[in-house]
>>> print(open('protein.cif').read())   # mmCIF, C-alpha atoms
data_structure
#
loop_
_atom_site.group_PDB
_atom_site.id
_atom_site.type_symbol
_atom_site.label_atom_id
_atom_site.label_comp_id
_atom_site.auth_asym_id
_atom_site.auth_seq_id
_atom_site.Cartn_x
_atom_site.Cartn_y
_atom_site.Cartn_z
ATOM 1 C CA MET A 17 0.000 0.000 0.000
ATOM 2 C CA THR A 18 1.309 3.417 -0.967
ATOM 3 C CA VAL A 19 1.123 6.078 1.711
ATOM 4 C CA ASP A 20 0.118 9.633 0.816
ATOM 5 C CA LYS A 21 2.983 11.593 2.336
ATOM 6 C CA ASP A 22 1.091 14.849 1.804
ATOM 7 C CA ASN A 23 -1.529 13.917 4.377
ATOM 8 C CA GLY A 24 -0.640 13.656 8.071
ATOM 9 C CA ILE A 25 -3.616 11.412 8.788
ATOM 10 C CA HIS A 26 -2.411 8.889 6.208
ATOM 11 C CA LEU A 27 1.033 8.861 7.813
ATOM 12 C CA LEU A 28 -0.476 8.210 11.244
ATOM 13 C CA LEU A 29 -2.717 5.438 9.924
ATOM 14 C CA SER A 30 0.236 3.877 8.129
ATOM 15 C CA HIS A 31 2.018 3.588 11.473
ATOM 16 C CA HIS A 32 -1.069 1.971 13.012
ATOM 17 C CA GLY A 33 -1.033 -0.617 10.218
ATOM 18 C CA GLU A 34 2.676 -1.295 10.597
ATOM 19 C CA THR A 35 2.284 -1.705 14.354
ATOM 20 C CA ARG A 36 -0.510 -4.227 13.833
ATOM 21 C CA ARG A 37 1.684 -6.155 11.374
ATOM 22 C CA ARG A 38 4.607 -6.209 13.785
ATOM 23 C CA LEU A 39 2.397 -7.354 16.663
ATOM 24 C CA ARG A 40 1.270 -10.320 14.544
ATOM 25 C CA SER A 41 4.891 -11.228 13.813
ATOM 26 C CA LEU A 42 5.766 -10.855 17.495
ATOM 27 C CA ARG A 43 3.286 -13.626 18.310
ATOM 28 C CA VAL A 44 5.476 -16.212 16.533
ATOM 29 C CA ILE A 45 8.440 -15.496 18.782
ATOM 30 C CA VAL A 46 7.233 -17.493 21.786
ATOM 31 C CA PRO A 47 6.818 -20.857 19.963
ATOM 32 C CA ARG A 48 10.185 -20.400 18.252
ATOM 33 C CA LEU A 49 11.981 -19.926 21.563
ATOM 34 C CA ILE A 50 11.351 -23.515 22.589
ATOM 35 C CA GLU A 51 12.529 -24.947 19.267
ATOM 36 C CA LEU A 52 15.635 -27.087 19.271
ATOM 37 C CA ASP A 53 16.652 -25.540 15.962
ATOM 38 C CA GLU A 54 19.235 -22.867 16.793
ATOM 39 C CA ASP A 55 18.461 -20.938 13.579
ATOM 40 C CA LEU A 56 14.792 -20.578 14.541
ATOM 41 C CA ARG A 57 15.761 -19.335 17.998
ATOM 42 C CA ARG A 58 18.154 -16.809 16.457
ATOM 43 C CA GLU A 59 15.382 -15.621 14.125
ATOM 44 C CA ALA A 60 13.109 -15.149 17.135
ATOM 45 C CA GLN A 61 15.826 -13.148 18.882
ATOM 46 C CA GLU A 62 16.278 -10.955 15.800
ATOM 47 C CA GLU A 63 12.521 -10.372 15.609
ATOM 48 C CA ALA A 64 12.569 -9.365 19.277
ATOM 49 C CA ARG A 65 15.428 -6.933 18.595
ATOM 50 C CA ASP A 66 13.571 -5.463 15.605
ATOM 51 C CA PHE A 67 10.395 -5.006 17.609
ATOM 52 C CA VAL A 68 12.221 -3.164 20.399
ATOM 53 C CA ARG A 69 13.884 -0.899 17.828
ATOM 54 C CA PHE A 70 10.540 -0.265 16.140
ATOM 55 C CA ILE A 71 8.899 0.769 19.412
ATOM 56 C CA GLU A 72 11.823 2.841 20.670
ATOM 57 C CA VAL A 73 12.300 4.692 17.387
ATOM 58 C CA GLU A 74 9.242 4.566 15.143
ATOM 59 C CA HIS A 75 6.573 4.385 17.808
ATOM 60 C CA ARG A 76 8.195 7.122 19.896
ATOM 61 C CA LEU A 77 8.133 9.322 16.791
ATOM 62 C CA HIS A 78 4.489 8.395 16.210
ATOM 63 C CA GLU A 79 3.615 9.416 19.769
ATOM 64 C CA ARG A 80 5.361 12.721 19.207
ATOM 65 C CA ASP A 81 3.600 13.194 15.885
ATOM 66 C CA GLU A 82 0.249 12.833 17.580
ATOM 67 C CA ALA A 83 1.229 14.934 20.614
ATOM 68 C CA LEU A 84 2.772 17.781 18.589
ATOM 69 C CA SER A 85 0.858 17.719 15.305
ATOM 70 C CA LEU A 86 -2.503 15.982 15.725
ATOM 71 C CA PHE A 87 -3.744 16.621 19.257
ATOM 72 C CA PRO A 88 -3.149 20.403 19.265
ATOM 73 C CA ARG A 89 -4.997 20.712 15.954
ATOM 74 C CA LEU A 90 -7.908 18.715 17.321
ATOM 75 C CA LYS A 91 -8.043 20.946 20.410
ATOM 76 C CA GLN A 92 -8.039 24.013 18.168
ATOM 77 C CA LEU A 93 -10.735 22.491 15.967
ATOM 78 C CA PHE A 94 -12.906 21.828 19.021
ATOM 79 C CA GLU A 95 -12.442 25.460 20.124
ATOM 80 C CA ASN A 96 -13.142 26.935 16.686
ATOM 81 C CA ARG A 97 -16.034 24.691 15.662
ATOM 82 C CA PRO A 98 -18.717 24.646 18.375
ATOM 83 C CA GLU A 99 -20.645 21.911 16.542
ATOM 84 C CA LEU A 100 -17.737 19.572 17.318
ATOM 85 C CA THR A 101 -17.746 20.273 21.039
ATOM 86 C CA ASP A 102 -19.466 16.984 21.800
ATOM 87 C CA PRO A 103 -18.206 16.112 25.305
ATOM 88 C CA GLY A 104 -17.650 12.553 24.071
ATOM 89 C CA LEU A 105 -15.108 13.747 21.497
ATOM 90 C CA GLN A 106 -13.249 15.830 24.056
ATOM 91 C CA GLN A 107 -13.197 12.793 26.359
ATOM 92 C CA GLU A 108 -11.807 10.662 23.511
ATOM 93 C CA LEU A 109 -9.037 13.186 22.941
ATOM 94 C CA ASP A 110 -8.257 13.403 26.668
ATOM 95 C CA GLY A 111 -8.263 9.598 26.850
ATOM 96 C CA ALA A 112 -5.869 9.285 23.907
ATOM 97 C CA ILE A 113 -3.491 11.776 25.533
ATOM 98 C CA GLU A 114 -3.621 9.856 28.839
ATOM 99 C CA GLU A 115 -2.982 6.566 27.064
ATOM 100 C CA HIS A 116 0.151 8.025 25.479
ATOM 101 C CA GLU A 117 1.331 8.994 28.940
ATOM 102 C CA ASP A 118 0.518 5.500 30.233
ATOM 103 C CA PHE A 119 2.211 3.614 27.378
ATOM 104 C CA ASP A 120 5.516 3.034 29.192
ATOM 105 C CA ARG A 121 3.762 1.189 32.008
ATOM 106 C CA LEU A 122 2.688 -1.480 29.505
ATOM 107 C CA TRP A 123 5.799 -1.366 27.345
ATOM 108 C CA SER A 124 8.368 -1.777 30.156
ATOM 109 C CA PRO A 125 7.522 -5.409 31.063
ATOM 110 C CA LEU A 126 7.556 -6.519 27.423
ATOM 111 C CA GLU A 127 10.772 -4.645 26.743
ATOM 112 C CA HIS A 128 12.300 -6.366 29.783
ATOM 113 C CA TRP A 129 11.422 -9.857 28.518
ATOM 114 C CA LEU A 130 12.425 -9.124 24.920
ATOM 115 C CA CYS A 131 15.780 -7.779 26.062
ATOM 116 C CA LEU A 132 16.323 -10.856 28.210
ATOM 117 C CA LEU A 133 15.854 -12.979 25.099
ATOM 118 C CA LEU A 134 18.990 -11.373 23.748
ATOM 119 C CA THR A 135 21.062 -12.116 26.830
ATOM 120 C CA PRO A 136 23.045 -15.367 26.655
ATOM 121 C CA ASP A 137 21.919 -17.929 29.237
ATOM 122 C CA ALA A 138 19.120 -15.706 30.534
ATOM 123 C CA VAL A 139 16.072 -17.408 31.953
ATOM 124 C CA VAL A 140 12.929 -16.127 30.290
ATOM 125 C CA SER A 141 9.443 -16.871 31.543
ATOM 126 C CA LEU A 142 7.545 -17.673 28.363
ATOM 127 C CA ASP A 143 4.242 -17.247 30.207
ATOM 128 C CA ARG A 144 5.174 -13.755 31.382
ATOM 129 C CA LEU A 145 6.541 -12.877 27.951
ATOM 130 C CA GLN A 146 3.244 -13.970 26.400
ATOM 131 C CA GLN A 147 1.260 -12.021 29.021
ATOM 132 C CA ALA A 148 3.299 -8.901 28.258
ATOM 133 C CA ILE A 149 2.756 -9.371 24.502
ATOM 134 C CA ASP A 150 -0.984 -9.842 25.071
ATOM 135 C CA ALA A 151 -1.235 -6.723 27.268
ATOM 136 C CA LEU A 152 0.583 -4.495 24.783
ATOM 137 C CA GLU A 153 -1.338 -5.905 21.838
ATOM 138 C CA HIS A 154 -4.654 -5.330 23.625
ATOM 139 C CA PHE A 155 -3.593 -1.770 24.457
ATOM 140 C CA PHE A 156 -2.542 -0.952 20.887
ATOM 141 C CA LEU A 157 -5.572 -2.504 19.215
ATOM 142 C CA ASP A 158 -8.018 -0.727 21.538
ATOM 143 C CA HIS A 159 -6.132 2.580 21.357
ATOM 144 C CA PHE A 160 -5.923 2.540 17.559
ATOM 145 C CA ALA A 161 -9.566 1.484 17.182
ATOM 146 C CA ARG A 162 -10.757 4.400 19.322
ATOM 147 C CA GLU A 163 -8.528 6.928 17.535
ATOM 148 C CA GLU A 164 -9.595 5.660 14.126
ATOM 149 C CA ALA A 165 -13.303 5.571 14.980
ATOM 150 C CA LYS A 166 -13.569 8.872 16.859
ATOM 151 C CA LEU A 167 -10.609 11.220 16.393
ATOM 152 C CA ILE A 168 -9.433 10.559 12.836
ATOM 153 C CA PRO A 169 -12.837 11.339 11.249
ATOM 154 C CA VAL A 170 -12.821 14.706 13.060
ATOM 155 C CA ALA A 171 -9.202 15.374 12.070
ATOM 156 C CA GLN A 172 -10.086 14.795 8.417
ATOM 157 C CA GLN A 173 -12.184 17.961 8.661
ATOM 158 C CA LEU A 174 -8.995 20.004 9.030
ATOM 159 C CA GLY A 175 -8.726 20.413 5.263
ATOM 160 C CA SER A 176 -6.063 19.384 2.792
ATOM 161 C CA ASP A 177 -3.738 22.343 3.433
ATOM 162 C CA GLU A 178 -3.670 21.720 7.184
ATOM 163 C CA LEU A 179 -3.231 17.962 6.693
ATOM 164 C CA ALA A 180 -0.343 18.650 4.298
ATOM 165 C CA LEU A 181 1.271 20.981 6.843
ATOM 166 C CA MET A 182 0.826 18.297 9.491
ATOM 167 C CA ALA A 183 2.536 15.775 7.191
ATOM 168 C CA GLN A 184 5.434 18.164 6.593
ATOM 169 C CA GLU A 185 5.958 18.600 10.336
ATOM 170 C CA MET A 186 5.922 14.862 10.859
ATOM 171 C CA LEU A 187 8.289 14.083 7.981
ATOM 172 C CA LYS A 188 10.705 16.768 9.188
ATOM 173 C CA ARG A 189 10.603 15.236 12.665
ATOM 174 C CA HIS A 190 11.353 11.802 11.197
ATOM 175 C CA ASP A 191 14.082 13.077 8.863
ATOM 176 C CA ASN A 192 15.809 14.884 11.717
ATOM 177 C CA GLY A 193 15.666 11.806 13.912
ATOM 178 C CA ILE A 194 13.996 13.707 16.738
ATOM 179 C CA PHE A 195 13.206 10.995 19.251
ATOM 180 C CA GLU A 196 14.271 9.735 22.637
ATOM 181 C CA ARG A 197 16.738 6.986 21.987
ATOM 182 C CA ARG A 198 16.819 4.516 24.854
ATOM 183 C CA LEU A 199 17.474 1.125 23.269
ATOM 184 C CA GLY A 200 18.920 -0.062 26.557
ATOM 185 C CA CYS A 201 19.358 -3.693 25.565
ATOM 186 C CA PHE A 202 21.284 -3.034 22.349
#
>>> encode(input="protein.cif", output="structure tokens")
Amino acid sequence: MTVDKDNGIHLLLSHHGETRRRLRSLRVIVPRLIELDEDLRREAQEEARDFVRFIEVEHRLHERDEALSLFPRLKQLFENRPELTDPGLQQELDGAIEEHEDFDRLWSPLEHWLCLLLTPDAVVSLDRLQQAIDALEHFFLDHFAREEAKLIPVAQQLGSDELALMAQEMLKRHDNGIFERRLGCF
């Protein structure tokens, strides 16, 4: 699928799709870890490494894109367009902002287990790893579904010029590599 890089909403939705794809691939890690085949275990470790990098780089940028480019525009739209001041929409926006702030609470346990996978001779609880995967997947799928059902349709009312400006801001952020680089296990 080709992404319209002149539309900030399309860029955000592209990230949602990529995150969903990566979550599906993350699910195959757990069965591969108990394989006797060393190559399959190494593949699982590489997938774990790639997922951590994706979250710590791409997802952090996505969070910033929403916090700096989408959410302020939605707030302004709610202020300027009284017909959009449905309390439910404002609650959705507030909830999305809170979820961004709460993301690390869910990410930290999964990051811990994925990083342990990369440590020679580490003991990894496959049950806890799976629980952490399930929790993060549930969070992402619910979060994206709410944004896509409630906030994105409102944001599409911003107009093509504003959506293009939003895309430019986001692409500049990505090109400049503006993100918090933690990558503690690499």
>>> residues_around(input="protein.cif", residues="Ala183 in chain A", least_positions_apart="3", cutoff="7 Å", atoms="all atoms listed in the file", output="VMD selection string")
chain A and resid 21 to 24 179 to 180 186 to 187
>>> atom_distance(input="protein.cif", atom1="CA of Val170 in chain A", atom2="CA of Asp118 in chain A")
23.6 Å
>>> closest_residue(input="protein.cif", among="A:Ala171, A:Glu117, A:Leu29, A:Asp177", to="Leu90 in chain A", atoms="all atoms listed in the file")
A:Ala171
>>> resolve_selection(input="protein.cif", expression="the PyMOL selection byres ((chain A and resi 140) around 12)", output="PDB file with C-alpha atoms, keeping the file's coordinate frame")
ATOM      1  CA  VAL A  46       7.233 -17.493  21.786  1.00  0.00           C
ATOM      2  CA  LEU A  49      11.981 -19.926  21.563  1.00  0.00           C
ATOM      3  CA  ILE A  50      11.351 -23.515  22.589  1.00  0.00           C
ATOM      4  CA  LEU A 126       7.556  -6.519  27.423  1.00  0.00           C
ATOM      5  CA  HIS A 128      12.300  -6.366  29.783  1.00  0.00           C
ATOM      6  CA  TRP A 129      11.422  -9.857  28.518  1.00  0.00           C
ATOM      7  CA  LEU A 130      12.425  -9.124  24.920  1.00  0.00           C
ATOM      8  CA  CYS A 131      15.780  -7.779  26.062  1.00  0.00           C
ATOM      9  CA  LEU A 132      16.323 -10.856  28.210  1.00  0.00           C
ATOM     10  CA  LEU A 133      15.854 -12.979  25.099  1.00  0.00           C
ATOM     11  CA  LEU A 134      18.990 -11.373  23.748  1.00  0.00           C
ATOM     12  CA  THR A 135      21.062 -12.116  26.830  1.00  0.00           C
ATOM     13  CA  PRO A 136      23.045 -15.367  26.655  1.00  0.00           C
ATOM     14  CA  ASP A 137      21.919 -17.929  29.237  1.00  0.00           C
ATOM     15  CA  ALA A 138      19.120 -15.706  30.534  1.00  0.00           C
ATOM     16  CA  VAL A 139      16.072 -17.408  31.953  1.00  0.00           C
ATOM     17  CA  SER A 141       9.443 -16.871  31.543  1.00  0.00           C
ATOM     18  CA  LEU A 142       7.545 -17.673  28.363  1.00  0.00           C
ATOM     19  CA  ASP A 143       4.242 -17.247  30.207  1.00  0.00           C
ATOM     20  CA  ARG A 144       5.174 -13.755  31.382  1.00  0.00           C
ATOM     21  CA  LEU A 145       6.541 -12.877  27.951  1.00  0.00           C
ATOM     22  CA  GLN A 146       3.244 -13.970  26.400  1.00  0.00           C
TER      23      GLN A 146
END
>>> residues_near_point(input="protein.cif", point="(13.2, -8.6, 15.0)", cutoff="12 Å", atoms="only C-alpha atoms", output="number ranges by chain")
A: 38-39, 41-45, 57-71, 130-131, 133-134
>>> closest_residue(input="protein.cif", among="A:Asp150, A:Glu54, A:Leu93, A:Ser85", to="Leu27 in chain A", atoms="all atoms listed in the file")
A:Ser85
>>> closest_residue(input="protein.cif", among="A:Glu114, A:Asn96, A:Asp55, A:Leu109", to="Glu164 in chain A", atoms="only C-alpha atoms")
A:Leu109
>>> closest_residue(input="protein.cif", among="A:Lys91, A:Leu28, A:Leu56, A:Asp120", to="Gln106 in chain A", atoms="only C-alpha atoms")
A:Lys91
>>> closest_residue(input="protein.cif", among="A:Ile168, A:Ala161, A:Leu174, A:Leu105", to="Arg89 in chain A", atoms="all atoms listed in the file")
A:Leu174
>>> decode(input="protein.cif", residues="range 72-100 of chain A", atoms="N, CA, C and O atoms", output="PDB file, in the first residue's frame")
ATOM      1  N   GLU A  72      10.995   1.768  20.113  1.00  0.00           N
ATOM      2  CA  GLU A  72      11.823   2.841  20.670  1.00  0.00           C
ATOM      3  C   GLU A  72      12.161   3.939  19.666  1.00  0.00           C
ATOM      4  O   GLU A  72      12.514   5.040  20.072  1.00  0.00           O
ATOM      5  N   VAL A  73      12.026   3.658  18.387  1.00  0.00           N
ATOM      6  CA  VAL A  73      12.300   4.692  17.387  1.00  0.00           C
ATOM      7  C   VAL A  73      10.999   5.116  16.704  1.00  0.00           C
ATOM      8  O   VAL A  73      10.526   6.228  16.889  1.00  0.00           O
ATOM      9  N   GLU A  74      10.416   4.208  15.944  1.00  0.00           N
ATOM     10  CA  GLU A  74       9.242   4.566  15.143  1.00  0.00           C
ATOM     11  C   GLU A  74       8.022   4.907  15.996  1.00  0.00           C
ATOM     12  O   GLU A  74       7.326   5.875  15.722  1.00  0.00           O
ATOM     13  N   HIS A  75       7.763   4.092  17.010  1.00  0.00           N
ATOM     14  CA  HIS A  75       6.573   4.385  17.808  1.00  0.00           C
ATOM     15  C   HIS A  75       6.756   5.648  18.647  1.00  0.00           C
ATOM     16  O   HIS A  75       5.801   6.414  18.839  1.00  0.00           O
ATOM     17  N   ARG A  76       7.955   5.873  19.148  1.00  0.00           N
ATOM     18  CA  ARG A  76       8.195   7.122  19.896  1.00  0.00           C
ATOM     19  C   ARG A  76       7.960   8.335  18.992  1.00  0.00           C
ATOM     20  O   ARG A  76       7.411   9.348  19.429  1.00  0.00           O
ATOM     21  N   LEU A  77       8.397   8.228  17.736  1.00  0.00           N
ATOM     22  CA  LEU A  77       8.133   9.322  16.791  1.00  0.00           C
ATOM     23  C   LEU A  77       6.634   9.467  16.547  1.00  0.00           C
ATOM     24  O   LEU A  77       6.115  10.584  16.473  1.00  0.00           O
ATOM     25  N   HIS A  78       5.936   8.362  16.421  1.00  0.00           N
ATOM     26  CA  HIS A  78       4.489   8.395  16.210  1.00  0.00           C
ATOM     27  C   HIS A  78       3.791   9.094  17.385  1.00  0.00           C
ATOM     28  O   HIS A  78       2.907   9.925  17.174  1.00  0.00           O
ATOM     29  N   GLU A  79       4.198   8.749  18.594  1.00  0.00           N
ATOM     30  CA  GLU A  79       3.615   9.416  19.769  1.00  0.00           C
ATOM     31  C   GLU A  79       3.845  10.917  19.707  1.00  0.00           C
ATOM     32  O   GLU A  79       2.962  11.712  20.017  1.00  0.00           O
ATOM     33  N   ARG A  80       5.053  11.290  19.322  1.00  0.00           N
ATOM     34  CA  ARG A  80       5.361  12.721  19.207  1.00  0.00           C
ATOM     35  C   ARG A  80       4.549  13.368  18.104  1.00  0.00           C
ATOM     36  O   ARG A  80       4.099  14.508  18.239  1.00  0.00           O
ATOM     37  N   ASP A  81       4.397  12.649  16.989  1.00  0.00           N
ATOM     38  CA  ASP A  81       3.600  13.194  15.885  1.00  0.00           C
ATOM     39  C   ASP A  81       2.190  13.506  16.356  1.00  0.00           C
ATOM     40  O   ASP A  81       1.645  14.571  16.048  1.00  0.00           O
ATOM     41  N   GLU A  82       1.604  12.588  17.101  1.00  0.00           N
ATOM     42  CA  GLU A  82       0.249  12.833  17.580  1.00  0.00           C
ATOM     43  C   GLU A  82       0.234  13.959  18.622  1.00  0.00           C
ATOM     44  O   GLU A  82      -0.619  14.846  18.569  1.00  0.00           O
ATOM     45  N   ALA A  83       1.195  13.934  19.543  1.00  0.00           N
ATOM     46  CA  ALA A  83       1.229  14.934  20.614  1.00  0.00           C
ATOM     47  C   ALA A  83       1.515  16.347  20.091  1.00  0.00           C
ATOM     48  O   ALA A  83       0.969  17.323  20.614  1.00  0.00           O
ATOM     49  N   LEU A  84       2.360  16.459  19.069  1.00  0.00           N
ATOM     50  CA  LEU A  84       2.772  17.781  18.589  1.00  0.00           C
ATOM     51  C   LEU A  84       2.021  18.253  17.350  1.00  0.00           C
ATOM     52  O   LEU A  84       1.931  19.460  17.106  1.00  0.00           O
ATOM     53  N   SER A  85       1.496  17.321  16.562  1.00  0.00           N
ATOM     54  CA  SER A  85       0.858  17.719  15.305  1.00  0.00           C
ATOM     55  C   SER A  85      -0.647  17.437  15.258  1.00  0.00           C
ATOM     56  O   SER A  85      -1.394  18.228  14.702  1.00  0.00           O
ATOM     57  N   LEU A  86      -1.086  16.327  15.802  1.00  0.00           N
ATOM     58  CA  LEU A  86      -2.503  15.982  15.725  1.00  0.00           C
ATOM     59  C   LEU A  86      -3.309  16.562  16.887  1.00  0.00           C
ATOM     60  O   LEU A  86      -4.295  17.279  16.676  1.00  0.00           O
ATOM     61  N   PHE A  87      -2.926  16.234  18.097  1.00  0.00           N
ATOM     62  CA  PHE A  87      -3.744  16.621  19.257  1.00  0.00           C
ATOM     63  C   PHE A  87      -3.944  18.131  19.380  1.00  0.00           C
ATOM     64  O   PHE A  87      -5.059  18.584  19.639  1.00  0.00           O
ATOM     65  N   PRO A  88      -2.909  18.954  19.181  1.00  0.00           N
ATOM     66  CA  PRO A  88      -3.149  20.403  19.265  1.00  0.00           C
ATOM     67  C   PRO A  88      -4.135  20.902  18.197  1.00  0.00           C
ATOM     68  O   PRO A  88      -4.945  21.790  18.464  1.00  0.00           O
ATOM     69  N   ARG A  89      -4.066  20.312  17.009  1.00  0.00           N
ATOM     70  CA  ARG A  89      -4.997  20.712  15.954  1.00  0.00           C
ATOM     71  C   ARG A  89      -6.428  20.303  16.300  1.00  0.00           C
ATOM     72  O   ARG A  89      -7.374  21.029  16.006  1.00  0.00           O
ATOM     73  N   LEU A  90      -6.572  19.132  16.906  1.00  0.00           N
ATOM     74  CA  LEU A  90      -7.908  18.715  17.321  1.00  0.00           C
ATOM     75  C   LEU A  90      -8.452  19.640  18.398  1.00  0.00           C
ATOM     76  O   LEU A  90      -9.621  20.028  18.357  1.00  0.00           O
ATOM     77  N   LYS A  91      -7.607  20.009  19.363  1.00  0.00           N
ATOM     78  CA  LYS A  91      -8.043  20.946  20.410  1.00  0.00           C
ATOM     79  C   LYS A  91      -8.494  22.264  19.792  1.00  0.00           C
ATOM     80  O   LYS A  91      -9.534  22.812  20.156  1.00  0.00           O
ATOM     81  N   GLN A  92      -7.703  22.753  18.845  1.00  0.00           N
ATOM     82  CA  GLN A  92      -8.039  24.013  18.168  1.00  0.00           C
ATOM     83  C   GLN A  92      -9.340  23.863  17.381  1.00  0.00           C
ATOM     84  O   GLN A  92     -10.194  24.756  17.404  1.00  0.00           O
ATOM     85  N   LEU A  93      -9.515  22.743  16.724  1.00  0.00           N
ATOM     86  CA  LEU A  93     -10.735  22.491  15.967  1.00  0.00           C
ATOM     87  C   LEU A  93     -11.945  22.483  16.890  1.00  0.00           C
ATOM     88  O   LEU A  93     -12.989  23.063  16.576  1.00  0.00           O
ATOM     89  N   PHE A  94     -11.804  21.857  18.060  1.00  0.00           N
ATOM     90  CA  PHE A  94     -12.906  21.828  19.021  1.00  0.00           C
ATOM     91  C   PHE A  94     -13.243  23.247  19.506  1.00  0.00           C
ATOM     92  O   PHE A  94     -14.402  23.573  19.716  1.00  0.00           O
ATOM     93  N   GLU A  95     -12.211  24.083  19.675  1.00  0.00           N
ATOM     94  CA  GLU A  95     -12.442  25.460  20.124  1.00  0.00           C
ATOM     95  C   GLU A  95     -13.094  26.310  19.037  1.00  0.00           C
ATOM     96  O   GLU A  95     -13.961  27.129  19.322  1.00  0.00           O
ATOM     97  N   ASN A  96     -12.668  26.098  17.789  1.00  0.00           N
ATOM     98  CA  ASN A  96     -13.142  26.935  16.686  1.00  0.00           C
ATOM     99  C   ASN A  96     -14.456  26.476  16.075  1.00  0.00           C
ATOM    100  O   ASN A  96     -15.103  27.263  15.381  1.00  0.00           O
ATOM    101  N   ARG A  97     -14.817  25.231  16.281  1.00  0.00           N
ATOM    102  CA  ARG A  97     -16.034  24.691  15.662  1.00  0.00           C
ATOM    103  C   ARG A  97     -16.966  24.173  16.764  1.00  0.00           C
ATOM    104  O   ARG A  97     -16.871  23.022  17.158  1.00  0.00           O
ATOM    105  N   PRO A  98     -17.844  25.034  17.258  1.00  0.00           N
ATOM    106  CA  PRO A  98     -18.717  24.646  18.375  1.00  0.00           C
ATOM    107  C   PRO A  98     -19.535  23.389  18.109  1.00  0.00           C
ATOM    108  O   PRO A  98     -19.855  22.658  19.047  1.00  0.00           O
ATOM    109  N   GLU A  99     -19.850  23.107  16.838  1.00  0.00           N
ATOM    110  CA  GLU A  99     -20.645  21.911  16.542  1.00  0.00           C
ATOM    111  C   GLU A  99     -19.872  20.618  16.821  1.00  0.00           C
ATOM    112  O   GLU A  99     -20.452  19.546  16.896  1.00  0.00           O
ATOM    113  N   LEU A 100     -18.566  20.736  17.010  1.00  0.00           N
ATOM    114  CA  LEU A 100     -17.737  19.572  17.318  1.00  0.00           C
ATOM    115  C   LEU A 100     -17.451  19.442  18.811  1.00  0.00           C
ATOM    116  O   LEU A 100     -16.668  18.595  19.208  1.00  0.00           O
TER     117      LEU A 100
END
